[in-house]
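Novice: Structure supplied as my_file.cif; contents: mmCIF, C-alpha atoms.
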data_query
#
loop_
_atom_site.label_atom_id
_atom_site.label_comp_id
_atom_site.auth_asym_id
_atom_site.auth_seq_id
_atom_site.Cartn_x
_atom_site.Cartn_y
_atom_site.Cartn_z
CA ALA O 1 73.83 61.41 -24.96
CA GLU O 2 72.89 59.32 -21.99
CA ASP O 3 71.39 55.91 -22.54
CA PRO O 4 67.62 55.81 -22.00
CA PRO O 5 66.44 54.06 -18.85
CA PRO O 6 65.36 50.43 -19.08
CA VAL O 7 61.84 49.78 -20.23
CA ARG O 8 59.46 49.10 -17.36
CA VAL O 9 57.55 45.84 -17.85
CA GLN O 10 54.66 44.77 -15.66
CA VAL O 11 54.75 41.04 -14.92
CA THR O 12 51.50 39.08 -15.21
CA ASP O 13 50.49 35.74 -13.75
CA GLY O 14 50.91 33.95 -17.08
CA ASP O 15 54.69 34.58 -17.38
CA LYS O 16 54.05 37.49 -19.73
CA GLY O 17 54.90 41.17 -19.59
CA LEU O 18 52.90 44.34 -20.25
CA VAL O 19 54.29 47.63 -21.59
CA TRP O 20 52.00 50.60 -21.11
CA THR O 21 53.65 53.57 -22.85
CA ALA O 22 54.05 54.26 -26.56
CA ASP O 23 57.65 55.46 -26.22
CA GLU O 24 58.75 52.25 -24.52
CA TYR O 25 56.88 50.15 -27.07
CA TYR O 26 58.54 52.03 -29.93
CA ARG O 27 61.98 51.54 -28.39
CA LEU O 28 61.46 47.81 -27.89
CA ARG O 29 60.34 47.38 -31.49
CA THR O 30 62.87 49.58 -33.30
CA VAL O 31 65.96 49.19 -31.13
CA HIS O 32 65.65 45.72 -29.61
CA ARG O 33 63.46 44.04 -32.26
CA LEU O 34 60.90 42.77 -29.75
CA ILE O 35 57.45 42.84 -31.33
CA GLY O 36 54.99 41.44 -28.80
CA ALA O 37 51.26 41.83 -29.37
CA MET O 38 48.86 44.67 -28.70
CA VAL O 39 46.08 43.49 -26.41
CA GLY O 40 44.29 46.71 -25.44
CA GLY O 41 41.10 48.10 -26.92
CA LEU O 42 40.68 51.40 -28.73
CA PRO O 43 37.54 53.30 -27.70
CA GLY O 44 37.19 54.94 -31.10
CA PHE O 45 36.66 51.64 -32.94
CA ARG O 46 33.33 49.88 -32.87
CA GLN O 47 34.85 46.48 -33.59
CA GLN O 48 37.17 46.05 -30.60
CA ASP O 49 38.54 42.73 -31.88
CA GLN O 50 39.88 44.16 -35.16
CA VAL O 51 42.25 46.90 -33.99
CA HIS O 52 44.17 46.75 -30.72
CA GLY O 53 46.27 49.25 -28.82
CA LEU O 54 48.29 49.49 -25.63
CA PRO O 55 49.24 47.71 -23.49
CA LEU O 56 51.79 45.67 -25.39
CA GLN O 57 52.03 42.06 -24.25
CA LEU O 58 55.44 40.40 -24.42
CA SER O 59 55.82 36.64 -24.62
CA PRO O 60 57.81 34.75 -21.95
CA GLU O 61 60.69 34.31 -24.40
CA GLU O 62 60.78 38.04 -25.18
CA VAL O 63 60.78 38.96 -21.50
CA THR O 64 63.51 36.41 -20.76
CA LEU O 65 65.74 37.78 -23.53
CA ALA O 66 65.13 41.40 -22.48
CA VAL O 67 65.92 40.63 -18.84
CA SER O 68 69.12 38.79 -19.72
CA ARG O 69 70.30 41.73 -21.86
CA GLY O 70 69.36 44.37 -19.30
CA TRP O 71 66.82 46.08 -21.57
CA VAL O 72 63.95 46.04 -19.09
CA THR O 73 63.14 46.23 -15.42
CA LEU O 74 60.27 44.18 -14.03
CA TYR O 75 57.66 45.22 -11.53
CA GLU O 76 54.45 43.80 -10.17
CA ALA O 77 51.42 46.05 -9.99
CA PRO O 78 49.22 46.08 -6.89
CA ASP O 79 46.34 43.64 -7.00
CA PRO O 80 43.16 45.67 -7.68
CA LEU O 81 41.00 42.98 -6.10
CA ALA O 82 42.77 43.53 -2.80
CA ASP O 83 41.04 46.90 -2.55
CA VAL O 84 37.51 45.53 -2.73
CA THR O 85 35.41 47.62 -0.39
CA ALA O 86 31.78 47.82 0.58
CA ASP O 87 29.73 50.36 2.48
CA GLU O 88 31.16 52.09 5.51
CA GLY O 89 29.10 49.84 7.71
CA GLY O 90 30.72 46.78 6.16
CA ALA O 91 29.34 44.17 3.84
CA PRO O 92 25.81 43.09 4.74
CA PRO O 93 25.40 39.51 5.96
CA ALA O 94 24.64 37.01 3.26
CA LYS O 95 20.98 36.20 3.02
CA GLU O 96 19.79 32.65 3.11
CA ALA O 97 19.55 31.35 -0.37
CA ARG O 98 16.01 30.86 -1.47
CA ARG O 99 15.05 27.59 -3.02
CA PRO O 100 14.01 28.02 -6.65
CA PRO O 101 10.48 26.91 -7.46
CA GLN O 102 10.19 23.37 -8.78
CA ALA O 103 8.81 22.77 -12.22
CA ASN O 104 5.58 20.83 -12.64
CA ARG O 105 5.16 17.60 -14.52
CA LYS O 106 4.57 19.34 -17.82
CA GLY O 107 7.94 21.05 -17.63
CA TRP O 108 6.54 24.53 -17.06
CA GLY O 109 7.49 26.72 -14.14
CA VAL O 110 5.30 27.06 -11.11
CA LYS O 111 2.34 29.31 -11.78
CA PRO O 112 2.38 32.44 -9.60
CA LYS O 113 -0.38 32.96 -7.13
CA PRO O 114 -3.30 35.13 -8.27
CA GLY O 115 -2.62 38.80 -7.72
CA GLN O 116 1.03 38.22 -6.69
CA GLY O 117 2.56 39.93 -9.71
CA ALA O 118 0.05 42.76 -9.68
CA LYS O 119 0.65 43.42 -6.01
CA LYS O 120 4.37 43.68 -6.56
CA ALA O 121 3.87 45.96 -9.54
CA ARG O 122 1.61 48.26 -7.52
CA GLY O 123 4.25 48.52 -4.82
CA ASP O 124 7.49 50.27 -5.47
CA ALA O 125 8.23 49.10 -9.01
CA GLY O 126 10.57 51.53 -10.67
CA GLY O 127 11.22 53.38 -7.41
CA ASP O 128 14.22 53.73 -5.19
CA GLY O 129 13.32 50.59 -3.28
CA ASP O 130 14.33 48.33 -6.20
CA VAL O 131 17.69 50.06 -6.53
CA GLU O 132 18.38 49.77 -2.82
CA ARG O 133 17.57 46.07 -2.84
CA MET O 134 19.85 45.46 -5.81
CA LEU O 135 22.74 47.28 -4.15
CA ALA O 136 22.21 45.67 -0.77
CA ASN O 137 24.32 42.61 -1.62
CA ALA O 138 26.64 44.31 -4.12
CA SER O 139 30.40 44.66 -3.75
CA PHE O 140 32.43 47.50 -5.16
CA VAL O 141 35.56 46.59 -7.11
CA THR O 142 38.26 49.01 -8.29
CA VAL O 143 39.13 48.21 -11.92
CA PRO O 144 42.40 49.76 -13.23
CA LEU O 145 42.03 51.56 -16.55
CA ARG O 146 45.65 52.71 -16.82
CA GLU O 147 49.10 51.91 -15.52
CA PRO O 148 49.24 52.13 -11.71
CA ASP O 149 51.73 55.03 -11.65
CA GLU O 150 50.18 57.05 -14.47
CA GLY O 151 48.01 59.33 -12.33
CA ASP O 152 49.86 62.63 -12.04
CA GLY O 153 53.01 61.53 -13.82
CA GLU O 154 54.94 60.99 -10.60
CA ARG O 155 55.58 57.55 -9.23
CA GLU O 156 54.80 57.09 -5.58
CA GLU O 157 56.93 54.97 -3.31
CA GLY O 158 55.54 51.51 -2.82
CA ASP O 159 53.38 51.72 -5.94
CA GLY O 160 54.37 48.37 -7.42
CA ARG O 161 57.44 46.37 -6.53
CA THR O 162 60.26 44.71 -8.45
CA VAL O 163 59.96 40.98 -8.95
CA GLN O 164 62.27 38.07 -9.68
CA TRP O 165 61.85 36.55 -13.13
CA THR O 166 61.69 32.75 -12.74
CA TYR O 167 61.05 31.75 -16.35
CA PRO O 168 62.19 29.32 -17.79
CA ARG O 169 61.54 26.55 -15.27
CA THR O 170 61.44 23.40 -17.41
CA ALA O 171 63.64 21.85 -20.08
CA THR O 172 61.08 22.68 -22.78
CA GLN O 173 60.92 26.32 -21.70
CA ARG O 174 64.72 26.57 -21.61
CA ALA O 175 64.91 25.17 -25.14
CA ARG O 176 62.34 27.69 -26.42
CA CYS O 177 64.22 30.59 -24.85
CA ALA O 178 67.54 29.35 -26.24
CA VAL O 179 66.14 29.06 -29.79
CA PHE O 180 64.48 32.48 -29.56
CA ALA O 181 67.69 34.14 -28.33
CA ASP O 182 69.84 32.41 -30.98
CA LEU O 183 67.54 33.48 -33.82
CA HIS O 184 67.47 37.00 -32.43
CA ASP O 185 71.28 37.06 -32.37
CA ARG O 186 71.27 36.02 -36.03
CA GLY O 187 69.36 39.20 -36.92
CA LEU O 188 65.88 37.70 -37.28
CA THR O 189 62.71 39.10 -35.75
CA MET O 190 60.26 36.66 -34.16
CA THR O 191 56.56 36.66 -33.45
CA THR O 192 54.26 33.89 -32.32
CA GLY O 193 53.65 31.16 -34.87
CA ILE O 194 50.41 29.80 -33.51
CA LYS O 195 48.51 30.72 -36.69
CA PHE O 196 50.64 28.27 -38.66
CA GLY O 197 51.06 25.53 -36.06
CA ALA O 198 54.59 26.62 -35.13
CA ASP O 199 56.30 28.08 -32.09
CA PHE O 200 57.71 31.15 -33.83
CA LEU O 201 57.57 32.98 -37.14
CA ALA O 202 60.97 34.34 -38.20
CA TYR O 203 61.13 37.55 -40.25
CA PRO O 204 64.17 39.11 -41.95
CA GLY O 205 63.08 42.51 -40.58
CA ASP O 206 60.12 44.27 -39.06
CA PRO O 207 56.89 42.31 -39.68
CA MET O 208 55.25 45.51 -40.93
CA ALA O 209 57.67 45.55 -43.88
CA TYR O 210 58.50 41.86 -44.50
CA HIS O 211 56.79 38.52 -44.77
CA ALA O 212 57.94 35.69 -42.53
CA GLY O 213 60.27 33.28 -44.26
CA PHE O 214 60.36 30.50 -41.66
CA CYS O 215 57.99 28.60 -39.41
CA VAL O 216 60.10 27.48 -36.47
CA ARG O 217 59.15 24.48 -34.36
CA VAL O 218 61.17 23.66 -31.24
CA VAL O 219 61.54 19.90 -30.80
CA PRO O 220 63.57 17.88 -28.28
CA ASP O 221 66.97 16.80 -29.50
CA ASP O 222 66.17 13.11 -28.97
CA ALA O 223 62.55 13.28 -30.13
CA HIS O 224 61.11 10.48 -32.30
CA MET O 225 58.87 12.14 -34.88
CA ARG O 226 56.15 10.39 -36.81
CA CYS O 227 56.11 10.84 -40.56
CA GLN O 228 52.52 12.07 -40.40
CA HIS O 229 53.51 14.89 -38.03
CA LEU O 230 56.47 15.95 -40.14
CA SER O 231 54.35 15.89 -43.30
CA GLY O 232 51.62 17.95 -41.66
CA TRP O 233 54.06 20.55 -40.34
CA ALA O 234 55.73 20.82 -43.74
CA ARG O 235 52.48 21.13 -45.68
CA THR O 236 51.20 23.83 -43.32
CA SER O 237 54.41 25.85 -43.64
CA HIS O 238 54.87 25.37 -47.37
CA GLY O 239 51.21 26.13 -48.03
CA ALA O 240 51.78 29.53 -46.43
CA ARG O 241 54.92 30.04 -48.58
CA LYS O 242 57.31 29.56 -45.68
CA ASN O 243 60.09 27.12 -44.95
CA LEU O 244 59.78 24.75 -42.01
CA VAL O 245 62.63 24.91 -39.49
CA LEU O 246 63.02 22.26 -36.80
CA ALA O 247 65.13 23.64 -33.96
CA SER O 248 66.56 21.83 -30.96
CA ALA O 249 68.64 23.06 -28.04
CA VAL O 250 70.92 20.95 -25.86
CA ALA O 251 73.14 21.85 -22.96
CA ALA O 252 76.58 23.00 -24.11
CA GLY O 253 78.80 21.96 -21.22
CA ASN O 254 82.25 23.31 -20.51
CA ASP O 255 85.23 21.46 -19.01
CA GLY O 256 84.01 18.01 -19.77
CA ASP O 257 80.42 17.16 -19.01
CA ARG O 258 79.84 19.98 -16.54
CA ASP O 259 76.77 22.00 -17.43
CA ASP O 260 77.39 25.76 -17.26
CA GLY O 261 73.86 26.69 -18.30
CA ARG O 262 74.63 27.46 -21.93
CA MET O 263 72.61 25.90 -24.74
CA ARG O 264 73.72 24.81 -28.19
CA VAL O 265 71.06 25.31 -30.85
CA GLU O 266 70.86 23.23 -34.01
CA TYR O 267 68.52 23.63 -36.99
CA LEU O 268 67.06 21.45 -39.73
CA THR O 269 65.32 23.25 -42.60
CA VAL O 270 62.63 21.47 -44.65
CA MET O 271 62.20 23.21 -47.99
CA PRO O 272 59.59 22.49 -50.70
CA ASP O 273 60.65 20.94 -53.99
CA VAL O 274 58.87 23.69 -55.98
CA GLU O 275 59.25 27.44 -56.19
CA GLN O 276 57.17 29.23 -53.54
CA SER O 277 56.93 32.50 -55.44
CA SER O 278 53.45 33.59 -56.49
CA ASN O 279 54.85 34.15 -60.00
CA ALA O 280 55.85 30.51 -60.40
CA ARG O 281 54.20 28.61 -63.26
#
Can the structure in the file be given as C-alpha cells, please?

Specialist:
Amino acid sequence: AEDPPPVRVQVTDGDKGLVWTADEYYRLRTVHRLIGAMVGGLPGFRQQDQVHGLPLQLSPEEVTLAVSRGWVTLYEAPDPLADVTADEGGAPPAKEARRPPQANRKGWGVKPKPGQGAKKARGDAGGDGDVERMLANASFVTVPLREPDEGDGEREEGDGRTVQWTYPRTATQRARCAVFADLHDRGLTMTTGIKFGADFLAYPGDPMAYHAGFCVRVVPDDAHMRCQHLSGWARTSHGARKNLVLASAVAAGNDGDRDDGRMRVEYLTVMPDVEQSSNAR
C-alpha cells in the first residue's frame, strides 16, 4: 500500500499549527504520537468551553518535530481581513466625531431638552431609517468557518501557499524542541504541562489511556536555581503524583568544538521520598 500523503498543517501567527480534518488528526495521534489540543467549538453543546472539536492546534515543538520528520506540509491560509468590502459605491466618508455631552456638577448626564426624546420617537423609530443609519458606517468582513479549500472538495490553485518554518529562533526554543524530540524518540507522548507549572507532561502512552508520570521542565545547562524554586516545582509535581524531571540541552559539536546543530539532552529526576500510589498508607 502506498504511504498516505503528509498531513496538511495551517501555520498561524503564534508559531502554532492547525489541522482541520478528522482523518489527519487521527493519523497524527495514533501513528506519530502528536496530541495537540482541540480548540474548536461544537455547536451541539451549550457549554462551549467544556467540549472542544476541530481544528486541532499543534504546539511549536510538535510542528517542528513533524516538519523535521517529513510528516506534515505547511501552508498559510489567505488572510480573511484582506477581503473586507463595503458597498459597491465604496465606504462612506467618516463622519465627524460628535463630542459627548459633559456631565454636570452632580455627576449626572446632561438633561435632554424638553420634547427631544418624544420627537425622535414620533419620527421613524423602529422603521427602516434606523437600520439604514446603523449600516451607513458598517464594514462587511468575511469570517472563515471552515478550512479554505473545503468548499467543493477540490483545492484551487493559489488557495493558500506553502511557508518556511522558522521556529526555533532562540537558544531557549532550540532547547525545548531538542528535549521534546528526545523524549518522543524514547517512546513517550507529550502534552503541555502548563497546568502543573511545567513545560511538558510525559505519558507512557496515549493520554486517554494513561496518566502522566513526569512533569518536565526545560532549564539552561548553566542555570543557577534557587532552592525555593526547586522546592516549589517538586511539591507541585509530587502533589499531582508525578515525578519532576529537569531537562537541559546543549550543543553536541562534532570534530572538536564545531557546532553541527545537534543537541545533547541530559535529565535529572527528582523523586519523592514516599510512595505516590493512592493505596499507600

Novice: Between O:Arg133, O:His32, O:Lys16, O:Arg8, which one has atoms that come closest to Trp165 of chain O, using only C-alpha atoms?

Specialist: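 Checking each of O:Arg133, O:His32, O:Lys16, O:Arg8 against Trp165 of chain O, counting only C-alpha atoms, the winner is O:Lys16.
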
Novice: The PyMOL selection byres ((chain O and resi 175) around 12) on the file shown: which residues, as an mmCIF file with C-alpha atoms, in the coordinates of the input?

Specialist:
data_model
loop_
_atom_site.group_PDB
_atom_site.id
_atom_site.type_symbol
_atom_site.label_atom_id
_atom_site.label_comp_id
_atom_site.auth_asym_id
_atom_site.auth_seq_id
_atom_site.Cartn_x
_atom_site.Cartn_y
_atom_site.Cartn_z
ATOM 1 C CA GLU O 61 60.690 34.310 -24.400
ATOM 2 C CA TYR O 167 61.050 31.750 -16.350
ATOM 3 C CA PRO O 168 62.190 29.320 -17.790
ATOM 4 C CA ARG O 169 61.540 26.550 -15.270
ATOM 5 C CA THR O 170 61.440 23.400 -17.410
ATOM 6 C CA ALA O 171 63.640 21.850 -20.080
ATOM 7 C CA THR O 172 61.080 22.680 -22.780
ATOM 8 C CA GLN O 173 60.920 26.320 -21.700
ATOM 9 C CA ARG O 174 64.720 26.570 -21.610
ATOM 10 C CA ARG O 176 62.340 27.690 -26.420
ATOM 11 C CA CYS O 177 64.220 30.590 -24.850
ATOM 12 C CA ALA O 178 67.540 29.350 -26.240
ATOM 13 C CA VAL O 179 66.140 29.060 -29.790
ATOM 14 C CA PHE O 180 64.480 32.480 -29.560
ATOM 15 C CA ALA O 181 67.690 34.140 -28.330
ATOM 16 C CA ASP O 182 69.840 32.410 -30.980
ATOM 17 C CA ASP O 199 56.300 28.080 -32.090
ATOM 18 C CA ARG O 217 59.150 24.480 -34.360
ATOM 19 C CA VAL O 218 61.170 23.660 -31.240
ATOM 20 C CA VAL O 219 61.540 19.900 -30.800
ATOM 21 C CA PRO O 220 63.570 17.880 -28.280
ATOM 22 C CA ASP O 221 66.970 16.800 -29.500
ATOM 23 C CA ALA O 247 65.130 23.640 -33.960
ATOM 24 C CA SER O 248 66.560 21.830 -30.960
ATOM 25 C CA ALA O 249 68.640 23.060 -28.040
ATOM 26 C CA VAL O 250 70.920 20.950 -25.860
ATOM 27 C CA ALA O 251 73.140 21.850 -22.960
ATOM 28 C CA ALA O 252 76.580 23.000 -24.110
ATOM 29 C CA GLY O 261 73.860 26.690 -18.300
ATOM 30 C CA ARG O 262 74.630 27.460 -21.930
ATOM 31 C CA MET O 263 72.610 25.900 -24.740
ATOM 32 C CA ARG O 264 73.720 24.810 -28.190
ATOM 33 C CA VAL O 265 71.060 25.310 -30.850
ATOM 34 C CA GLU O 266 70.860 23.230 -34.010
#

Novice: What does the distance from atom CA of Glu2 of chain O to atom CA of Ala66 of chain O come to in Å, to one decimal?

Specialist: 19.5 Å

Novice: Measure the distance from atom CA of Met225 of chain O to atom CA of Tyr203 of chain O in Å and round it to one decimal.

Specialist: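 Here the two named atoms are 26.1 Å from each other.
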
Novice: Dig up all the protein and nucleic acid residues within 12 Å of (65.9, 51.9, -23.2) in the file frame, using only C-alpha atoms, and format them as a PyMOL selection string.

Specialist: chain O and resi 2-9+23-32+66+69-73

Novice: Grab the atom CA of Asp13 of chain O to atom CA of Gly44 of chain O distance for me, in Å with one decimal place.

Specialist: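 Atom CA of Gly44 of chain O lies 29.1 Å from atom CA of Asp13 of chain O.
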
Novice: Please, could N, CA, C and O atoms be added to segment 219-242 of chain O and the result written as a PDB file, keeping the file's coordinate frame?

Specialist:
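File produced: selection25.pdb:
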ATOM      1  N   VAL O 219      61.746  21.329 -31.102  1.00  0.00           N
ATOM      2  CA  VAL O 219      61.540  19.900 -30.800  1.00  0.00           C
ATOM      3  C   VAL O 219      62.701  19.428 -29.936  1.00  0.00           C
ATOM      4  O   VAL O 219      63.828  19.950 -30.031  1.00  0.00           O
ATOM      5  N   PRO O 220      62.470  18.434 -29.083  1.00  0.00           N
ATOM      6  CA  PRO O 220      63.570  17.880 -28.280  1.00  0.00           C
ATOM      7  C   PRO O 220      64.639  17.264 -29.178  1.00  0.00           C
ATOM      8  O   PRO O 220      64.356  16.759 -30.269  1.00  0.00           O
ATOM      9  N   ASP O 221      65.859  17.298 -28.703  1.00  0.00           N
ATOM     10  CA  ASP O 221      66.970  16.800 -29.500  1.00  0.00           C
ATOM     11  C   ASP O 221      66.857  15.303 -29.768  1.00  0.00           C
ATOM     12  O   ASP O 221      67.293  14.815 -30.814  1.00  0.00           O
ATOM     13  N   ASP O 222      66.285  14.563 -28.827  1.00  0.00           N
ATOM     14  CA  ASP O 222      66.170  13.110 -28.970  1.00  0.00           C
ATOM     15  C   ASP O 222      64.747  12.687 -29.289  1.00  0.00           C
ATOM     16  O   ASP O 222      64.355  11.549 -29.005  1.00  0.00           O
ATOM     17  N   ALA O 223      63.953  13.591 -29.864  1.00  0.00           N
ATOM     18  CA  ALA O 223      62.550  13.280 -30.130  1.00  0.00           C
ATOM     19  C   ALA O 223      62.422  12.305 -31.294  1.00  0.00           C
ATOM     20  O   ALA O 223      63.193  12.359 -32.262  1.00  0.00           O
ATOM     21  N   HIS O 224      61.447  11.405 -31.214  1.00  0.00           N
ATOM     22  CA  HIS O 224      61.110  10.480 -32.300  1.00  0.00           C
ATOM     23  C   HIS O 224      59.850  11.019 -32.965  1.00  0.00           C
ATOM     24  O   HIS O 224      58.759  10.976 -32.390  1.00  0.00           O
ATOM     25  N   MET O 225      59.997  11.521 -34.176  1.00  0.00           N
ATOM     26  CA  MET O 225      58.870  12.140 -34.880  1.00  0.00           C
ATOM     27  C   MET O 225      58.214  11.143 -35.809  1.00  0.00           C
ATOM     28  O   MET O 225      58.895  10.342 -36.463  1.00  0.00           O
ATOM     29  N   ARG O 226      56.907  11.203 -35.871  1.00  0.00           N
ATOM     30  CA  ARG O 226      56.150  10.390 -36.810  1.00  0.00           C
ATOM     31  C   ARG O 226      56.141  11.072 -38.178  1.00  0.00           C
ATOM     32  O   ARG O 226      56.144  12.304 -38.278  1.00  0.00           O
ATOM     33  N   CYS O 227      56.111  10.292 -39.202  1.00  0.00           N
ATOM     34  CA  CYS O 227      56.110  10.840 -40.560  1.00  0.00           C
ATOM     35  C   CYS O 227      54.870  11.687 -40.809  1.00  0.00           C
ATOM     36  O   CYS O 227      54.936  12.694 -41.521  1.00  0.00           O
ATOM     37  N   GLN O 228      53.750  11.292 -40.206  1.00  0.00           N
ATOM     38  CA  GLN O 228      52.520  12.070 -40.400  1.00  0.00           C
ATOM     39  C   GLN O 228      52.675  13.473 -39.808  1.00  0.00           C
ATOM     40  O   GLN O 228      52.210  14.457 -40.394  1.00  0.00           O
ATOM     41  N   HIS O 229      53.312  13.582 -38.642  1.00  0.00           N
ATOM     42  CA  HIS O 229      53.510  14.890 -38.030  1.00  0.00           C
ATOM     43  C   HIS O 229      54.426  15.758 -38.877  1.00  0.00           C
ATOM     44  O   HIS O 229      54.142  16.943 -39.114  1.00  0.00           O
ATOM     45  N   LEU O 230      55.526  15.183 -39.325  1.00  0.00           N
ATOM     46  CA  LEU O 230      56.470  15.950 -40.140  1.00  0.00           C
ATOM     47  C   LEU O 230      55.821  16.396 -41.445  1.00  0.00           C
ATOM     48  O   LEU O 230      56.008  17.536 -41.895  1.00  0.00           O
ATOM     49  N   SER O 231      55.024  15.526 -42.053  1.00  0.00           N
ATOM     50  CA  SER O 231      54.350  15.890 -43.300  1.00  0.00           C
ATOM     51  C   SER O 231      53.336  16.999 -43.062  1.00  0.00           C
ATOM     52  O   SER O 231      53.230  17.946 -43.862  1.00  0.00           O
ATOM     53  N   GLY O 232      52.596  16.908 -41.961  1.00  0.00           N
ATOM     54  CA  GLY O 232      51.620  17.950 -41.660  1.00  0.00           C
ATOM     55  C   GLY O 232      52.265  19.284 -41.385  1.00  0.00           C
ATOM     56  O   GLY O 232      51.789  20.327 -41.850  1.00  0.00           O
ATOM     57  N   TRP O 233      53.357  19.292 -40.608  1.00  0.00           N
ATOM     58  CA  TRP O 233      54.060  20.550 -40.340  1.00  0.00           C
ATOM     59  C   TRP O 233      54.580  21.168 -41.626  1.00  0.00           C
ATOM     60  O   TRP O 233      54.496  22.380 -41.834  1.00  0.00           O
ATOM     61  N   ALA O 234      55.162  20.315 -42.491  1.00  0.00           N
ATOM     62  CA  ALA O 234      55.730  20.820 -43.740  1.00  0.00           C
ATOM     63  C   ALA O 234      54.652  21.370 -44.665  1.00  0.00           C
ATOM     64  O   ALA O 234      54.813  22.441 -45.271  1.00  0.00           O
ATOM     65  N   ARG O 235      53.535  20.660 -44.779  1.00  0.00           N
ATOM     66  CA  ARG O 235      52.480  21.130 -45.680  1.00  0.00           C
ATOM     67  C   ARG O 235      51.875  22.441 -45.182  1.00  0.00           C
ATOM     68  O   ARG O 235      51.543  23.323 -45.976  1.00  0.00           O
ATOM     69  N   THR O 236      51.731  22.578 -43.861  1.00  0.00           N
ATOM     70  CA  THR O 236      51.200  23.830 -43.320  1.00  0.00           C
ATOM     71  C   THR O 236      52.144  24.987 -43.606  1.00  0.00           C
ATOM     72  O   THR O 236      51.714  26.079 -44.004  1.00  0.00           O
ATOM     73  N   SER O 237      53.436  24.780 -43.404  1.00  0.00           N
ATOM     74  CA  SER O 237      54.410  25.850 -43.640  1.00  0.00           C
ATOM     75  C   SER O 237      54.539  26.167 -45.123  1.00  0.00           C
ATOM     76  O   SER O 237      54.515  27.337 -45.524  1.00  0.00           O
ATOM     77  N   HIS O 238      54.668  25.142 -45.933  1.00  0.00           N
ATOM     78  CA  HIS O 238      54.870  25.370 -47.370  1.00  0.00           C
ATOM     79  C   HIS O 238      53.608  25.935 -48.010  1.00  0.00           C
ATOM     80  O   HIS O 238      53.693  26.723 -48.967  1.00  0.00           O
ATOM     81  N   GLY O 239      52.437  25.554 -47.502  1.00  0.00           N
ATOM     82  CA  GLY O 239      51.210  26.130 -48.030  1.00  0.00           C
ATOM     83  C   GLY O 239      51.097  27.614 -47.769  1.00  0.00           C
ATOM     84  O   GLY O 239      50.407  28.332 -48.506  1.00  0.00           O
ATOM     85  N   ALA O 240      51.757  28.089 -46.732  1.00  0.00           N
ATOM     86  CA  ALA O 240      51.780  29.530 -46.430  1.00  0.00           C
ATOM     87  C   ALA O 240      53.013  30.210 -47.014  1.00  0.00           C
ATOM     88  O   ALA O 240      53.319  31.347 -46.638  1.00  0.00           O
ATOM     89  N   ARG O 241      53.723  29.519 -47.916  1.00  0.00           N
ATOM     90  CA  ARG O 241      54.920  30.040 -48.580  1.00  0.00           C
ATOM     91  C   ARG O 241      56.020  30.374 -47.561  1.00  0.00           C
ATOM     92  O   ARG O 241      56.631  31.446 -47.600  1.00  0.00           O
ATOM     93  N   LYS O 242      56.240  29.427 -46.667  1.00  0.00           N
ATOM     94  CA  LYS O 242      57.310  29.560 -45.680  1.00  0.00           C
ATOM     95  C   LYS O 242      58.048  28.238 -45.579  1.00  0.00           C
ATOM     96  O   LYS O 242      57.494  27.175 -45.874  1.00  0.00           O
TER      97      LYS O 242
END
